[in-house]
$ cat entry_5.txt   # compact mmCIF, C-alpha atoms and all ligand atoms
# COMPACT_ATOMS: atom_id res chain seq x y z
CA MET K 27 53.71 -5.13 -6.43
CA LYS K 28 52.76 -3.09 -3.41
CA ALA K 29 51.21 -4.99 -0.56
CA GLU K 30 48.04 -3.45 0.79
CA VAL K 31 47.16 -3.79 4.42
CA ILE K 32 43.49 -3.68 5.21
CA VAL K 33 42.70 -2.44 8.66
CA GLY K 34 39.31 -2.91 10.24
CA MET K 35 36.19 -3.76 8.25
CA VAL K 36 36.18 -4.46 4.55
CA SER K 37 34.66 -1.59 2.62
CA ARG K 38 31.73 -2.26 0.33
CA PHE K 39 30.35 -0.40 -2.65
CA CYS K 40 26.92 0.93 -3.65
CA ALA K 41 25.61 -1.19 -6.51
CA LEU K 42 24.21 1.88 -8.23
CA CYS K 43 26.61 4.81 -7.84
CA GLY K 44 29.71 2.87 -6.78
CA LYS K 45 30.28 4.92 -3.64
CA GLU K 46 32.45 3.18 -1.08
CA THR K 47 30.62 2.79 2.21
CA ASN K 48 29.75 0.31 4.91
CA GLU K 49 26.26 1.69 5.25
CA LEU K 50 24.26 -0.21 2.65
CA LEU K 51 20.59 -1.12 2.34
CA GLU K 52 19.87 -3.86 -0.19
CA ASN K 53 23.33 -3.16 -1.71
CA LEU K 54 22.58 0.54 -2.13
CA CYS K 55 24.04 3.53 -0.35
CA TYR K 56 21.54 5.55 1.70
CA GLU K 57 21.23 8.28 -0.96
CA CYS K 58 20.52 5.83 -3.77
CA TYR K 59 18.12 3.83 -1.60
CA ARG K 60 16.17 6.98 -0.77
CA ARG K 61 16.10 8.02 -4.41
CA LEU K 62 14.59 4.67 -5.42
CA HIS K 63 12.15 4.54 -2.50
CA PRO K 64 10.16 7.75 -2.14
CA LEU K 65 8.36 8.33 1.17
CA VAL K 66 4.98 8.74 -0.44
CA ARG K 67 3.27 7.99 -3.73
CA LEU K 68 0.88 10.56 -5.08
CA PRO K 69 -0.98 11.11 -8.31
CA SER K 70 0.56 13.72 -10.58
CA GLU K 71 -2.77 15.53 -10.82
CA ILE K 72 -5.43 16.04 -8.17
CA GLU K 73 -8.90 17.44 -8.72
CA VAL K 74 -10.48 19.36 -5.88
CA LYS K 75 -14.24 19.73 -6.05
CA VAL K 76 -15.83 22.61 -4.17
CA CYS K 77 -19.34 23.99 -3.93
CA LYS K 78 -19.41 27.41 -5.58
CA ASN K 79 -22.12 28.52 -3.19
CA CYS K 80 -20.98 27.45 0.29
CA PHE K 81 -17.41 26.23 -0.37
CA SER K 82 -18.02 22.76 1.01
CA TYR K 83 -15.65 20.28 -0.60
CA TYR K 84 -16.05 16.75 -1.85
CA LEU K 85 -13.85 14.22 -0.08
CA SER K 86 -14.09 10.39 -0.25
CA GLY K 87 -17.71 10.32 -1.35
CA LYS K 88 -18.91 12.99 1.08
CA TRP K 89 -19.35 16.75 1.12
CA VAL K 90 -17.43 18.34 3.97
CA SER K 91 -18.20 21.77 5.41
CA PRO K 92 -15.04 23.86 5.73
CA ARG K 93 -14.07 25.33 9.09
CA SER K 94 -13.77 28.80 7.62
CA GLN K 95 -16.53 30.80 5.95
CA GLN K 96 -13.92 32.77 4.03
CA PRO K 97 -13.70 31.30 0.47
CA LEU K 98 -9.91 31.40 0.19
CA SER K 99 -9.31 29.73 3.57
CA ALA K 100 -12.03 27.20 2.78
CA LEU K 101 -10.36 26.38 -0.52
CA ARG K 102 -6.97 26.03 1.16
CA GLU K 103 -8.52 23.57 3.60
CA ALA K 104 -10.10 21.66 0.71
CA ILE K 105 -6.76 21.40 -1.12
CA ARG K 106 -4.91 20.36 2.04
CA ALA K 107 -7.50 17.66 2.82
CA LYS K 108 -7.67 16.31 -0.74
CA VAL K 109 -3.88 16.22 -1.20
CA ARG K 110 -3.39 14.46 2.15
CA LYS K 111 -6.08 11.93 1.24
CA SER K 112 -4.36 11.22 -2.10
CA LEU K 113 -0.97 10.40 -0.52
CA LYS K 114 0.01 6.79 -0.14
CA PHE K 115 2.61 6.37 2.59
CA GLU K 116 5.49 4.05 1.71
CA GLY K 117 7.51 4.37 4.90
CA LYS K 118 7.23 5.89 8.35
CA VAL K 119 5.84 9.36 7.70
CA GLU K 120 6.13 11.79 10.61
CA GLU K 121 4.87 14.99 9.07
CA VAL K 122 3.11 16.18 5.94
CA LYS K 123 2.96 19.85 5.00
CA VAL K 124 0.82 20.95 2.07
CA MET K 125 2.25 24.29 0.96
CA ASN K 126 -1.00 25.86 -0.19
CA ASP K 127 -0.03 29.42 0.78
CA ILE K 128 0.75 30.19 -2.86
CA LEU K 129 -3.01 30.40 -3.26
CA ILE K 130 -3.74 34.10 -2.99
CA LYS K 131 -6.85 34.30 -5.14
CA LEU K 132 -9.54 31.86 -6.22
CA PRO K 133 -8.28 29.90 -9.23
CA LYS K 134 -10.29 29.80 -12.44
CA LYS K 135 -12.00 26.66 -13.62
CA GLY K 136 -9.42 24.31 -15.16
CA GLU K 137 -6.45 26.39 -13.98
CA PHE K 138 -3.49 24.36 -12.76
CA LEU K 139 -1.97 25.09 -9.38
CA GLY K 140 1.49 23.77 -8.57
CA ILE K 141 1.26 22.74 -4.93
CA ARG K 142 4.41 21.69 -3.09
CA VAL K 143 4.12 18.93 -0.51
CA LYS K 144 6.80 18.51 2.16
CA VAL K 145 7.03 15.09 3.77
CA LYS K 146 9.19 14.22 6.75
CA GLY K 147 9.97 10.65 7.74
CA LYS K 148 12.02 7.66 6.69
CA VAL K 149 11.42 4.89 4.21
CA HIS K 150 13.56 2.33 6.05
CA GLU K 151 13.95 1.94 9.80
CA LYS K 152 17.76 2.04 9.54
CA LEU K 153 17.70 5.50 7.98
CA PRO K 154 17.68 8.71 9.98
CA SER K 155 14.62 10.96 9.37
CA TYR K 156 14.78 13.30 6.39
CA GLU K 157 12.53 15.58 4.37
CA GLU K 158 11.32 15.17 0.80
CA GLU K 159 9.47 17.58 -1.41
CA TYR K 160 6.92 16.76 -4.08
CA LEU K 161 5.06 18.84 -6.59
CA VAL K 162 1.47 18.08 -7.45
CA ARG K 163 -0.78 19.70 -10.03
CA VAL K 164 -4.12 20.66 -8.53
CA THR K 165 -7.20 21.76 -10.44
CA VAL K 166 -10.28 23.18 -8.78
CA THR K 167 -13.73 22.46 -10.13
CA TYR K 168 -16.76 24.35 -8.92
CA SER K 169 -20.13 22.68 -8.59
CA LEU K 170 -23.08 22.70 -6.21
CA CYS K 171 -23.19 20.60 -3.07
CA PRO K 172 -26.46 18.69 -2.50
CA SER K 173 -27.85 21.06 0.10
CA CYS K 174 -27.18 24.09 -2.09
CA MET K 175 -28.64 22.21 -5.04
CA VAL K 176 -31.87 21.68 -3.14
CA VAL K 177 -31.93 25.26 -1.85
CA MET K 178 -31.27 26.69 -5.31
CA GLY K 179 -34.33 25.23 -6.94
CA GLY K 180 -33.35 21.65 -6.65
CA LYS K 181 -34.06 18.46 -8.40
CA GLU K 182 -36.56 15.81 -7.56
CA LYS K 183 -35.41 13.54 -4.85
CA ALA K 184 -35.19 9.80 -4.54
CA ILE K 185 -35.07 7.52 -1.54
CA LEU K 186 -33.24 4.25 -1.52
CA GLN K 187 -34.61 2.02 1.23
CA LEU K 188 -32.59 -0.95 2.42
CA ARG K 189 -34.39 -3.61 4.38
CA ALA K 190 -34.27 -7.31 5.18
CA ASP K 191 -37.36 -9.53 4.99
CA GLY K 192 -38.71 -10.29 8.46
CA ARG K 193 -35.56 -9.25 10.33
CA SER K 194 -33.25 -6.32 10.78
CA ILE K 195 -30.07 -5.91 8.76
CA GLY K 196 -27.09 -7.17 10.78
CA ARG K 197 -24.16 -4.92 11.68
CA GLU K 198 -21.74 -6.65 9.30
CA GLU K 199 -24.23 -6.62 6.43
CA MET K 200 -24.91 -2.95 7.09
CA GLU K 201 -21.21 -2.07 6.91
CA LYS K 202 -20.89 -3.98 3.64
CA LEU K 203 -23.95 -2.23 2.24
CA LYS K 204 -22.62 1.21 3.14
CA LEU K 205 -19.27 0.42 1.59
CA THR K 206 -21.00 -0.79 -1.58
CA ILE K 207 -23.06 2.41 -1.73
CA SER K 208 -19.93 4.58 -1.37
CA LYS K 209 -18.25 2.68 -4.20
CA ALA K 210 -21.35 2.98 -6.37
CA LEU K 211 -21.54 6.71 -5.65
CA GLU K 212 -17.99 7.31 -6.79
CA GLU K 213 -18.69 5.47 -10.03
CA VAL K 214 -22.00 7.17 -10.72
CA TYR K 215 -20.70 10.61 -9.74
CA GLU K 216 -18.45 10.50 -12.81
CA VAL K 217 -21.50 10.64 -15.07
CA ASP K 218 -24.09 12.27 -12.83
CA LYS K 219 -23.11 15.13 -10.54
CA GLY K 220 -26.42 14.64 -8.76
CA ALA K 221 -25.07 11.39 -7.36
CA VAL K 222 -24.63 12.83 -3.92
CA ILE K 223 -26.23 11.74 -0.71
CA LEU K 224 -28.48 14.31 0.91
CA ASP K 225 -29.02 12.30 4.05
CA TRP K 226 -28.60 8.85 5.58
CA VAL K 227 -31.10 7.61 8.12
CA GLU K 228 -30.12 4.40 9.84
CA LYS K 229 -32.29 2.89 12.51
CA GLU K 230 -33.15 -0.53 13.88
CA GLY K 231 -31.38 -2.44 11.14
CA SER K 232 -32.72 -0.45 8.20
CA LEU K 233 -31.19 2.27 6.09
CA ASP K 234 -32.76 5.11 4.09
CA VAL K 235 -30.54 6.99 1.68
CA TYR K 236 -31.84 10.31 0.32
CA LEU K 237 -30.49 11.25 -3.07
CA ALA K 238 -30.71 14.31 -5.26
CA SER K 239 -31.10 12.30 -8.46
CA THR K 240 -33.43 9.48 -9.49
CA TYR K 241 -30.93 8.32 -12.09
CA ALA K 242 -28.27 7.96 -9.41
CA ALA K 243 -30.71 6.14 -7.12
CA ARG K 244 -31.46 3.59 -9.84
CA ARG K 245 -27.80 3.13 -10.72
CA ILE K 246 -26.83 2.65 -7.08
CA ALA K 247 -29.67 0.17 -6.56
CA SER K 248 -28.48 -1.86 -9.56
CA TYR K 249 -24.93 -1.74 -8.28
CA ILE K 250 -26.03 -3.11 -4.89
CA GLN K 251 -27.96 -5.88 -6.65
CA LYS K 252 -24.73 -7.02 -8.28
CA PHE K 253 -23.40 -7.98 -4.85
CA PHE K 254 -26.47 -8.67 -2.74
CA ALA K 255 -29.45 -10.94 -3.25
CA ALA K 256 -31.80 -7.99 -2.98
CA LYS K 257 -35.39 -7.93 -4.20
CA ARG K 258 -36.32 -4.58 -5.77
CA LEU K 259 -39.50 -2.57 -5.64
CA GLU K 260 -39.89 0.88 -7.19
CA THR K 261 -42.67 3.33 -6.48
CA ASN K 262 -43.27 6.86 -7.68
CA LYS K 263 -45.26 9.19 -5.51
CA VAL K 264 -46.59 12.67 -6.18
CA ILE K 265 -45.39 14.76 -3.26
CA GLY K 266 -46.63 18.16 -4.41
CA TYR K 267 -47.18 20.53 -7.31
CA LYS K 268 -44.88 23.14 -8.70
CA ARG K 269 -46.39 25.66 -11.14
CA GLY K 270 -49.21 23.21 -11.81
CA LYS K 271 -46.90 20.30 -12.54
CA PRO K 272 -46.70 17.30 -10.23
CA VAL K 273 -43.46 16.85 -8.31
CA THR K 274 -42.72 13.18 -7.80
CA ARG K 275 -40.41 11.29 -5.54
CA LEU K 276 -39.00 7.90 -6.41
CA THR K 277 -38.66 5.25 -3.74
CA ILE K 278 -36.60 2.16 -4.42
CA ARG K 279 -36.86 -0.54 -1.82
CA LEU K 280 -34.23 -3.26 -1.76
CA SER K 281 -35.00 -6.22 0.50
CA LEU K 282 -32.40 -8.74 1.54
CA PRO K 283 -33.57 -12.33 2.08
CA SER K 284 -34.88 -13.39 5.49
CA PHE K 285 -31.90 -15.69 6.06
CA ARG K 286 -28.16 -15.14 6.17
CA LYS K 287 -25.07 -17.25 5.56
CA GLY K 288 -24.81 -19.82 8.37
CA ASP K 289 -28.55 -19.94 9.12
CA VAL K 290 -30.47 -23.21 8.81
CA VAL K 291 -33.70 -23.11 6.79
CA ASP K 292 -36.33 -25.61 5.79
CA PHE K 293 -35.91 -27.02 2.28
CA LYS K 294 -38.67 -29.46 1.28
CA GLY K 295 -38.95 -30.66 4.85
CA ASN K 296 -35.18 -31.01 5.40
CA PRO K 297 -32.79 -28.72 7.29
CA LEU K 298 -30.54 -26.83 4.87
CA LEU K 299 -27.44 -24.99 6.06
CA ILE K 300 -26.91 -21.81 4.00
CA GLU K 301 -23.25 -21.81 2.93
CA SER K 302 -23.29 -18.90 0.51
CA ILE K 303 -25.72 -16.44 -1.00
CA SER K 304 -25.27 -15.03 -4.49
CA LYS K 305 -27.47 -12.63 -6.39
CA SER K 306 -29.22 -15.53 -8.12
CA GLY K 307 -29.62 -18.08 -5.36
CA VAL K 308 -28.04 -19.98 -2.52
CA LYS K 309 -25.66 -22.85 -2.08
CA GLY K 310 -26.42 -25.01 0.91
CA LEU K 311 -25.63 -28.26 2.65
CA LEU K 312 -28.53 -30.64 3.21
CA LEU K 313 -28.03 -31.86 6.76
CA THR K 314 -30.01 -35.06 6.17
CA ASN K 315 -27.51 -36.60 3.74
CA TYR K 316 -24.65 -34.04 3.59
CA SER K 317 -25.08 -33.30 -0.08
CA TYR K 318 -24.71 -29.84 -1.55
CA VAL K 319 -27.59 -28.21 -3.34
CA LYS K 320 -27.90 -25.03 -5.36
CA VAL K 321 -31.29 -23.39 -5.05
CA PRO K 322 -32.26 -20.46 -7.27
CA PHE K 323 -34.27 -17.59 -5.82
CA THR K 324 -37.78 -18.50 -6.75
CA LYS K 325 -40.81 -17.01 -5.09
CA LEU K 326 -40.93 -20.04 -2.86
CA PHE K 327 -37.32 -19.86 -1.76
CA ARG K 328 -37.04 -16.13 -1.07
CA ASN K 329 -38.67 -16.62 2.29
CA PRO K 330 -38.22 -20.23 3.40
CA LYS K 331 -39.09 -21.23 6.94
CA LEU K 332 -36.18 -20.40 9.18
CA ILE K 333 -35.29 -23.26 11.51
CA PHE K 334 -32.28 -21.79 13.32
CA ARG K 335 -30.41 -18.51 13.24
CA ARG K 336 -26.69 -19.18 13.21
CA GLU K 337 -26.38 -17.68 16.72
CA GLU K 338 -28.86 -20.19 18.09
CA LEU K 339 -26.90 -23.28 17.04
CA VAL K 340 -25.23 -25.26 19.83
CA LYS K 341 -21.47 -25.72 19.51
CA ALA K 342 -19.97 -29.14 20.22
CA MET K 343 -16.66 -30.94 19.98
CA VAL K 344 -16.39 -34.39 18.44
CA THR K 345 -14.82 -36.69 21.05
CA SER K 346 -14.99 -40.00 19.19
CA VAL K 347 -16.09 -41.45 15.86
CA ASN K 348 -17.12 -45.13 15.78
CA PRO K 349 -19.33 -45.54 12.69
CA PRO K 350 -22.23 -45.26 12.74
CA TYR K 351 -21.87 -43.52 16.12
CA VAL K 352 -20.41 -40.11 16.82
CA THR K 353 -19.92 -38.87 20.37
CA LEU K 354 -19.81 -35.17 21.12
CA LEU K 355 -19.38 -32.82 24.04
CA THR K 356 -21.53 -29.69 23.91
CA GLU K 357 -20.12 -26.28 24.77
CA PRO K 358 -20.29 -24.60 27.18
CA GLU K 359 -22.41 -27.11 29.17
CA TYR K 360 -20.15 -30.15 28.49
CA LYS K 361 -23.07 -32.46 27.98
CA GLN K 362 -22.21 -35.73 26.25
CA VAL K 363 -24.31 -36.53 23.19
CA GLU K 364 -24.25 -39.62 21.00
CA VAL K 365 -25.56 -39.45 17.44
CA LYS K 366 -26.11 -42.26 14.96
CA LEU K 367 -25.23 -41.18 11.43
CA THR K 368 -25.62 -43.25 8.28
CA LYS K 369 -23.06 -41.09 6.52
CA ILE K 370 -20.07 -39.51 8.28
CA PRO K 371 -18.43 -36.75 6.22
CA LEU K 372 -14.72 -35.96 6.60
CA TRP K 373 -15.24 -32.82 8.68
CA ILE K 374 -16.75 -34.94 11.46
CA LYS K 375 -13.55 -36.17 13.06
CA GLU K 376 -12.12 -36.37 16.55
CA GLY K 377 -11.36 -32.95 17.99
CA ALA K 378 -13.38 -31.08 15.35
CA LYS K 379 -15.79 -28.32 16.38
CA VAL K 380 -19.24 -28.60 14.85
CA ASN K 381 -22.72 -27.23 15.32
CA LEU K 382 -25.44 -29.38 16.77
CA LEU K 383 -29.13 -28.86 16.18
CA GLU K 384 -32.29 -30.67 17.00
CA VAL K 385 -35.14 -30.65 14.50
CA ARG K 386 -38.38 -32.47 15.34
CA GLY K 387 -36.61 -34.67 17.90
CA LYS K 388 -33.78 -35.61 15.56
CA ILE K 389 -30.20 -34.45 16.05
CA PHE K 390 -28.20 -33.08 13.11
CA LEU K 391 -24.59 -31.99 12.90
CA SER K 392 -23.40 -29.15 10.72
CA PRO K 393 -20.03 -27.55 9.97
CA ILE K 394 -19.41 -24.13 11.49
CA ILE K 395 -19.65 -21.40 8.87
CA ALA K 396 -17.25 -18.54 9.50
ZN ZN L 401 24.68 4.98 -4.27
ZN ZN L 402 -22.96 24.21 -1.01
$ encode --input "entry_5.txt" --output "structure tokens" --more "lines below"
Ligand SMILES: [Zn+2]
Ligand SMILES: [Zn+2]
Amino acid sequence: MKAEVIVGMVSRFCALCGKETNELLENLCYECYRRLHPLVRLPSEIEVKVCKNCFSYYLSGKWVSPRSQQPLSALREAIRAKVRKSLKFEGKVEEVKVMNDILIKLPKKGEFLGIRVKVKGKVHEKLPSYEEEYLVRVTVTYSLCPSCMVVMGGKEKAILQLRADGRSIGREEMEKLKLTISKALEEVYEVDKGAVILDWVEKEGSLDVYLASTYAARRIASYIQKFFAAKRLETNKVIGYKRGKPVTRLTIRLSLPSFRKGDVVDFKGNPLLIESISKSGVKGLLLTNYSYVKVPFTKLFRNPKLIFRREELVKAMVTSVNPPYVTLLTEPEYKQVEVKLTKIPLWIKEGAKVNLLEVRGKIFLSPIIA
């Protein structure tokens, strides 16, 4: 038997290809690791939607005007933008090149284009940078963008009005609403190509969305109502006559309730902290006895008397609990307050932060709603 002398480090082997190397990532040699971990994920087929009139393209729920007026350059831009948007980065991507120069004439409807995508980067920080190439099948569909649709004879329009009863829509609520509308649009666009937004007008906590289709407006309104406790009102107005026939415009008004999560409202003479709002009603904490109640949206409860907005509540820290007394220190004034409570729930404990409110001379404590 021949004795083998091993000098230096012990060599290891790639678990997949068996190559002998000391450079391993999760038991794989660099080549095998790269093969199993592509830099980007992308769909095998991508549809690019362009306006056949002005060559605007549809990207993430919006129509984008191309930089170039020349159809072929505009289409190249549309493909580049759509392909880039469809890529999901898996590692550190340094550069993406969409090789759309093979496009030398406008493709026909339904024609497949093989577009190569070059990606530079690395999928693991230990790897040096490298380049990968992908092939994606692109089809181009031609339609009309909303402005061209209106110009070219158009459809009747609809306005979706978003409001809140007796207050303006808060910034967070507004962002959520816009996101919900974008999601709804994408869904509705599949069945109604008129589901495109002509204009958004946002001012002083209200939002008006102008749409090219009444069907889309109704679908989007219903979609919003799935997630928001919004009251709906539809009106149809004659806005003019075309060849003797009335042209109508649909207005759908969605109103959010006057209160938000974290506000304190009056419920049968007692302060009620709104903990959550669903499309059918609210769940709240009665601050008189710390019991939870579920209240459906009846006519009476859509606009209850607001006692405190959540921003108006005073913050305080519990410094001691000696039933039935609770001592607190208000913030930021550091005023000491003692409250007598017949029931002390678990969240009222030393060191806890709570809200403090005074209603008709009586002090109530409430948990802080995030
Ligand atoms: Zn290997
Ligand atoms: Zn257009």
$ residues_around --input "entry_5.txt" --residues "segment 289-300 of chain K" --least-positions-apart "3" --cutoff "6 Å" --atoms "only C-alpha atoms" --output "PyMOL selection string"
chain K and resi 286+310-313+331-336
$ residues_near_ligand --input "entry_5.txt" --ligand "ligand ZN 401 (chain L)" --cutoff "12 Å" --atoms "only C-alpha atoms and all ligand atoms" --output "ChimeraX atom specification"
/K:38-62
$ residues_near_point --input "entry_5.txt" --point "(-26.8, -41.2, 2.4)" --cutoff "10 Å" --atoms "all atoms listed in the file" --output "number ranges by chain"
K: 314-317, 367-370
$ residues_around --input "entry_5.txt" --residues "segment 376-386 of chain K" --least-positions-apart "5" --cutoff "9 Å" --atoms "all atoms listed in the file" --output "ChimeraX atom specification"
/K:297,333-334,338-347,356,391-394
$ residues_near_ligand --input "entry_5.txt" --ligand "ligand ZN 402 (chain L)" --cutoff "9 Å" --atoms "all atoms listed in the file" --output "ChimeraX atom specification"
/K:76-83,89,91,169-175
$ write_last_selection --input "entry_5.txt" --atoms "C-alpha atoms" --output "short mmCIF file (atom, residue, chain, number, x, y, z; two decimals), in the coordinates of the input"
data_model
loop_
_atom_site.label_atom_id
_atom_site.label_comp_id
_atom_site.auth_asym_id
_atom_site.auth_seq_id
_atom_site.Cartn_x
_atom_site.Cartn_y
_atom_site.Cartn_z
CA VAL K 76 -15.83 22.61 -4.17
CA CYS K 77 -19.34 23.99 -3.93
CA LYS K 78 -19.41 27.41 -5.58
CA ASN K 79 -22.12 28.52 -3.19
CA CYS K 80 -20.98 27.45 0.29
CA PHE K 81 -17.41 26.23 -0.37
CA SER K 82 -18.02 22.76 1.01
CA TYR K 83 -15.65 20.28 -0.60
CA TRP K 89 -19.35 16.75 1.12
CA SER K 91 -18.20 21.77 5.41
CA SER K 169 -20.13 22.68 -8.59
CA LEU K 170 -23.08 22.70 -6.21
CA CYS K 171 -23.19 20.60 -3.07
CA PRO K 172 -26.46 18.69 -2.50
CA SER K 173 -27.85 21.06 0.10
CA CYS K 174 -27.18 24.09 -2.09
CA MET K 175 -28.64 22.21 -5.04
#
$ closest_residue --input "entry_5.txt" --among "K:Val74, K:Leu139, K:Val308, K:Leu233" --to "Met200 of chain K" --atoms "only C-alpha atoms"
K:Leu233
$ atom_distance --input "entry_5.txt" --atom1 "atom CA of Leu65 of chain K" --atom2 "atom CA of Pro92 of chain K"
28.5 Å
$ atom_distance --input "entry_5.txt" --atom1 "atom CA of Thr261 of chain K" --atom2 "atom CA of Glu230 of chain K"
22.8 Å
$ residues_near_point --input "entry_5.txt" --point "(0.0, 16.1, 3.6)" --cutoff "10 Å" --atoms "all atoms listed in the file" --output "list in words"
Val66, Ile105, Arg106, Ala107, Lys108, Val109, Arg110, Lys111, Ser112, Leu113, Val119, Glu121, Val122, Lys123, Val124, Met125, Arg142, Val143, Lys144, Val145 and Lys146 of chain K
$ write_last_selection --input "entry_5.txt" --atoms "C-alpha atoms" --output "PDB file, in the frame of the given file"
ATOM      1  CA  VAL K  66       4.980   8.740  -0.440  1.00  0.00           C
ATOM      2  CA  ILE K 105      -6.760  21.400  -1.120  1.00  0.00           C
ATOM      3  CA  ARG K 106      -4.910  20.360   2.040  1.00  0.00           C
ATOM      4  CA  ALA K 107      -7.500  17.660   2.820  1.00  0.00           C
ATOM      5  CA  LYS K 108      -7.670  16.310  -0.740  1.00  0.00           C
ATOM      6  CA  VAL K 109      -3.880  16.220  -1.200  1.00  0.00           C
ATOM      7  CA  ARG K 110      -3.390  14.460   2.150  1.00  0.00           C
ATOM      8  CA  LYS K 111      -6.080  11.930   1.240  1.00  0.00           C
ATOM      9  CA  SER K 112      -4.360  11.220  -2.100  1.00  0.00           C
ATOM     10  CA  LEU K 113      -0.970  10.400  -0.520  1.00  0.00           C
ATOM     11  CA  VAL K 119       5.840   9.360   7.700  1.00  0.00           C
ATOM     12  CA  GLU K 121       4.870  14.990   9.070  1.00  0.00           C
ATOM     13  CA  VAL K 122       3.110  16.180   5.940  1.00  0.00           C
ATOM     14  CA  LYS K 123       2.960  19.850   5.000  1.00  0.00           C
ATOM     15  CA  VAL K 124       0.820  20.950   2.070  1.00  0.00           C
ATOM     16  CA  MET K 125       2.250  24.290   0.960  1.00  0.00           C
ATOM     17  CA  ARG K 142       4.410  21.690  -3.090  1.00  0.00           C
ATOM     18  CA  VAL K 143       4.120  18.930  -0.510  1.00  0.00           C
ATOM     19  CA  LYS K 144       6.800  18.510   2.160  1.00  0.00           C
ATOM     20  CA  VAL K 145       7.030  15.090   3.770  1.00  0.00           C
ATOM     21  CA  LYS K 146       9.190  14.220   6.750  1.00  0.00           C
TER      22      LYS K 146
END
$ decode --input "entry_5.txt" --residues "segment 376-392 of chain K" --atoms "N, CA and C atoms" --output "compact mmCIF listing (two decimals), in the first residue's frame"
# COMPACT_ATOMS: atom_id res chain seq x y z
N GLU K 376 -47.73 48.15 35.22
CA GLU K 376 -46.63 49.08 35.42
C GLU K 376 -45.72 49.15 34.20
N GLY K 377 -45.41 50.37 33.79
CA GLY K 377 -44.51 50.56 32.65
C GLY K 377 -45.21 50.61 31.31
N ALA K 378 -46.50 50.22 31.27
CA ALA K 378 -47.23 50.19 30.00
C ALA K 378 -47.60 51.60 29.55
N LYS K 379 -47.59 51.79 28.21
CA LYS K 379 -48.04 53.07 27.65
C LYS K 379 -49.51 52.93 27.27
N VAL K 380 -50.29 53.90 27.67
CA VAL K 380 -51.72 53.86 27.36
C VAL K 380 -52.16 55.25 26.89
N ASN K 381 -53.41 55.32 26.45
CA ASN K 381 -53.99 56.62 26.13
C ASN K 381 -54.91 57.02 27.27
N LEU K 382 -54.99 58.32 27.47
CA LEU K 382 -55.81 58.82 28.57
C LEU K 382 -56.77 59.84 27.99
N LEU K 383 -58.05 59.71 28.34
CA LEU K 383 -59.00 60.68 27.81
C LEU K 383 -60.04 61.05 28.85
N GLU K 384 -60.48 62.27 28.75
CA GLU K 384 -61.46 62.75 29.71
C GLU K 384 -62.77 63.00 28.98
N VAL K 385 -63.83 62.32 29.44
CA VAL K 385 -65.14 62.52 28.83
C VAL K 385 -66.11 62.93 29.94
N ARG K 386 -66.71 64.08 29.77
CA ARG K 386 -67.66 64.64 30.76
C ARG K 386 -67.10 64.53 32.19
N GLY K 387 -65.86 64.98 32.37
CA GLY K 387 -65.26 65.03 33.69
C GLY K 387 -64.74 63.71 34.22
N LYS K 388 -64.93 62.63 33.45
CA LYS K 388 -64.47 61.33 33.91
C LYS K 388 -63.27 60.88 33.08
N ILE K 389 -62.27 60.29 33.77
CA ILE K 389 -61.07 59.86 33.04
C ILE K 389 -61.17 58.40 32.64
N PHE K 390 -60.83 58.13 31.38
CA PHE K 390 -60.82 56.76 30.86
C PHE K 390 -59.44 56.43 30.33
N LEU K 391 -59.07 55.16 30.42
CA LEU K 391 -57.81 54.71 29.84
C LEU K 391 -58.13 53.83 28.64
N SER K 392 -57.25 53.89 27.64
CA SER K 392 -57.48 53.03 26.48
C SER K 392 -56.14 52.52 25.97
